[in-house]
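Undergrad: Below is a structure I'd like to ask you about.
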Amino acid sequence: MGRFETEVLTQRSNLNALTEVSGKWIDTLRQRKPDDRIILDMDSSVSETYGQQEGSAYNGYFECNCYHPAFCFNQHGDLECALLRNGNVHSADDWRSVLEPVVARYRAMMIKKFFRGDSAFAIPELYTFLETEHYLYAIRLKSNGLLERN
């Protein structure tokens, strides 16, 4: 099993196929039951690790050694895309790798398109991307002193 994981699954074509599995399943389901909208919800999570796993690192926010994966779900709770990341990255780090393939799958569809995210995704580059792709979005603003006083 160890050689399969390190020699077979790590080949680029196999990694790409694994990444696309959930999207293909969702596309098949959508053909049977079409939607008039897509609501993408992007977030990160913590996956605590023990020992010396490659990529595991201490994350001060979660206060543990972990991986810090990123996820994109749709309004039905289906996983559109995921990315396993090192434990010490910011919540929005490498958001493009997760979001762009999903947005590309829906680009030609004439449906309403929405995105929501927490304050980690309150970055101008993401706003520009979403506006260019004609997505409406709701992203929580990062807390700051001025907002807290009013």
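Naming works like this for the structure tokens: A, B, ... for the chains as they're shown, residue 1 at the start of each chain, ligands 1 onward in shown order.
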Going by DSSP on the backbone, which residues of chain A come out as alpha helix (DSSP H)? List them as number ranges by chain.

TA: A: 2-3, 12-32, 95-106, 124-132, 145-149

Undergrad: Quick one: residues within 10 Å of A:Asp94, only C-alpha atoms counted, chain neighbours fewer than 3 positions away excluded, as a ChimeraX atom specification?

TA: /A:70,83,85,89-91,97-99

Undergrad: Applying 10 Å and only C-alpha atoms, which residues near A:Val103 remain after dropping the ones on its own chain fewer than 2 positions away? List them as a list in words.

TA: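 With the cut-off at 10 Å, the set is Ile38, Leu40, Glu80, Arg96, Val98, Leu99, Glu100, Pro101, Arg105, Tyr106, Arg107, Ala108, Lys113, Leu130, Glu133 and Tyr135 of chain A.
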
Undergrad: Applying 10 Å and only C-alpha atoms, which residues near A:Asp36 remain after dropping the ones on its own chain fewer than 6 positions away? List them as a VMD selection string.

TA: chain A and resid 109 to 113

Undergrad: Limited to N, CA and C atoms, could you put the picked residues into a file as a CSV table (one decimal), in the first residue's frame?

TA:
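Generated file (out-v1.csv):
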chain,number,residue,atom,x,y,z
A,109,MET,N,-22.5,27.3,-18.2
A,109,MET,CA,-23.9,27.1,-17.7
A,109,MET,C,-24.6,28.4,-17.5
A,110,MET,N,-25.8,28.5,-18.0
A,110,MET,CA,-26.6,29.7,-17.8
A,110,MET,C,-27.4,29.6,-16.6
A,111,ILE,N,-26.8,29.7,-15.4
A,111,ILE,CA,-27.4,29.6,-14.1
A,111,ILE,C,-26.9,30.8,-13.3
A,112,LYS,N,-27.6,31.0,-12.2
A,112,LYS,CA,-27.2,32.0,-11.2
A,112,LYS,C,-26.0,31.4,-10.5
A,113,LYS,N,-25.0,32.3,-10.2
A,113,LYS,CA,-23.7,31.8,-9.6
A,113,LYS,C,-23.4,32.6,-8.4

Undergrad: Which distance in Å separates atom CA of A:Ala138 and atom CA of A:Asp118, to one decimal?

TA: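 Going from atom CA of A:Ala138 over to atom CA of A:Asp118 covers 8.5 Å.
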
Undergrad: Could you please write out, as a VMD selection string, every residue of chain A that DSSP assigns to strand (DSSP E or B)?

TA: chain A and resid 37 to 44 47 to 48 57 to 59 64 to 67 70 to 73 79 to 83 86 112 to 117 136 to 139

Undergrad: Could the residues of stretch 53-90 of chain A that have an atom at most 8 Å from stretch 18-25 of chain A be listed as JSON lines, each with its closest atom pair and the distance in Å to one decimal, counting only C-alpha atoms and ordered by chain and ascending residue number?

TA:
{"residue": "A:Leu79", "atom": "CA", "partner": "A:Ser22", "partner_atom": "CA", "distance": 6.4}
{"residue": "A:Glu80", "atom": "CA", "partner": "A:Gly23", "partner_atom": "CA", "distance": 5.5}
{"residue": "A:Cys81", "atom": "CA", "partner": "A:Thr19", "partner_atom": "CA", "distance": 6.8}
{"residue": "A:Ala82", "atom": "CA", "partner": "A:Thr19", "partner_atom": "CA", "distance": 7.4}

Undergrad: What's around A:Met42 at 6 Å? Count only C-alpha atoms, leave out sequence neighbours fewer than 4 positions away in its own chain, and write the answer as a PyMOL selection string.

TA: chain A and resi 71-72+117

Undergrad: With C-alpha atoms retained, could you export that selection as a JSON list (two decimals), in the first residue's frame?

TA:
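Result saved to again.json:
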[["chain", "number", "residue", "atom", "x", "y", "z"],
["A", 71, "PHE", "CA", -12.44, 22.67, 0.49],
["A", 72, "CYS", "CA", -15.09, 23.93, -1.89],
["A", 117, "GLY", "CA", -16.54, 32.54, 2.25]]

Undergrad: If you measure from atom CA of A:Phe114 to atom CA of A:Lys142, what distance in Å do you get, rounded to one decimal?

TA: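 These atoms are spaced 20.0 Å apart.
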
Undergrad: Can you pull out the residues contacting A:Gly87? Cut-off 6 Å, using only C-alpha atoms, and skip same-chain residues under 6 positions away; I want them as a PyMOL selection string.

TA: chain A and resi 56-57+59+66-68

Undergrad: Could you save the residues just selected, with all heavy atoms, as an mmCIF file, in the first residue's frame?

TA:
data_model
loop_
_atom_site.group_PDB
_atom_site.id
_atom_site.type_symbol
_atom_site.label_atom_id
_atom_site.label_comp_id
_atom_site.auth_asym_id
_atom_site.auth_seq_id
_atom_site.Cartn_x
_atom_site.Cartn_y
_atom_site.Cartn_z
ATOM 1 N N SER A 56 3.233 18.038 7.408
ATOM 2 C CA SER A 56 2.633 18.388 8.687
ATOM 3 C C SER A 56 3.457 19.504 9.317
ATOM 4 O O SER A 56 4.677 19.512 9.247
ATOM 5 C CB SER A 56 2.626 17.159 9.602
ATOM 6 O OG SER A 56 2.205 17.499 10.894
ATOM 7 N N ALA A 57 2.786 20.474 9.916
ATOM 8 C CA ALA A 57 3.489 21.585 10.550
ATOM 9 C C ALA A 57 2.619 22.150 11.657
ATOM 10 O O ALA A 57 1.398 21.956 11.684
ATOM 11 C CB ALA A 57 3.809 22.668 9.521
ATOM 12 N N ASN A 59 0.460 24.783 13.473
ATOM 13 C CA ASN A 59 -0.393 25.896 13.084
ATOM 14 C C ASN A 59 -0.812 26.616 14.364
ATOM 15 O O ASN A 59 -1.484 26.026 15.221
ATOM 16 C CB ASN A 59 -1.630 25.389 12.321
ATOM 17 C CG ASN A 59 -2.487 26.501 11.798
ATOM 18 O OD1 ASN A 59 -2.981 27.327 12.555
ATOM 19 N ND2 ASN A 59 -2.684 26.517 10.491
ATOM 20 N N CYS A 66 -0.501 19.786 12.135
ATOM 21 C CA CYS A 66 -1.647 19.401 11.313
ATOM 22 C C CYS A 66 -1.360 19.585 9.832
ATOM 23 O O CYS A 66 -0.323 20.108 9.438
ATOM 24 C CB CYS A 66 -2.856 20.249 11.685
ATOM 25 S SG CYS A 66 -2.625 22.031 11.382
ATOM 26 N N TYR A 67 -2.300 19.164 9.034
ATOM 27 C CA TYR A 67 -2.459 19.599 7.658
ATOM 28 C C TYR A 67 -3.564 20.656 7.699
ATOM 29 O O TYR A 67 -4.394 20.664 8.618
ATOM 30 C CB TYR A 67 -2.884 18.459 6.731
ATOM 31 C CG TYR A 67 -1.832 17.389 6.568
ATOM 32 C CD1 TYR A 67 -2.084 16.077 6.962
ATOM 33 C CD2 TYR A 67 -0.595 17.682 6.003
ATOM 34 C CE1 TYR A 67 -1.131 15.096 6.809
ATOM 35 C CE2 TYR A 67 0.366 16.700 5.847
ATOM 36 C CZ TYR A 67 0.088 15.412 6.251
ATOM 37 O OH TYR A 67 1.039 14.438 6.094
ATOM 38 N N HIS A 68 -3.595 21.530 6.711
ATOM 39 C CA HIS A 68 -4.601 22.593 6.666
ATOM 40 C C HIS A 68 -5.296 22.553 5.301
ATOM 41 O O HIS A 68 -5.058 23.398 4.446
ATOM 42 C CB HIS A 68 -3.904 23.939 6.904
ATOM 43 C CG HIS A 68 -4.842 25.053 7.186
ATOM 44 N ND1 HIS A 68 -4.405 26.329 7.398
ATOM 45 C CD2 HIS A 68 -6.190 25.111 7.301
ATOM 46 C CE1 HIS A 68 -5.423 27.115 7.613
ATOM 47 N NE2 HIS A 68 -6.525 26.409 7.559
#

Undergrad: Provide the atom CA of A:Asp41 to atom CA of A:Val102 distance in Å, to one decimal place.

TA: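 Atom CA of A:Val102 lies 11.1 Å from atom CA of A:Asp41.
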
Undergrad: Compare A:Gln11, A:Thr49, A:Ser44, A:Asn74 by their minimum atom-to-atom distance to A:Asp27, counting only C-alpha atoms, and give me the closest one.

TA: A:Asn74
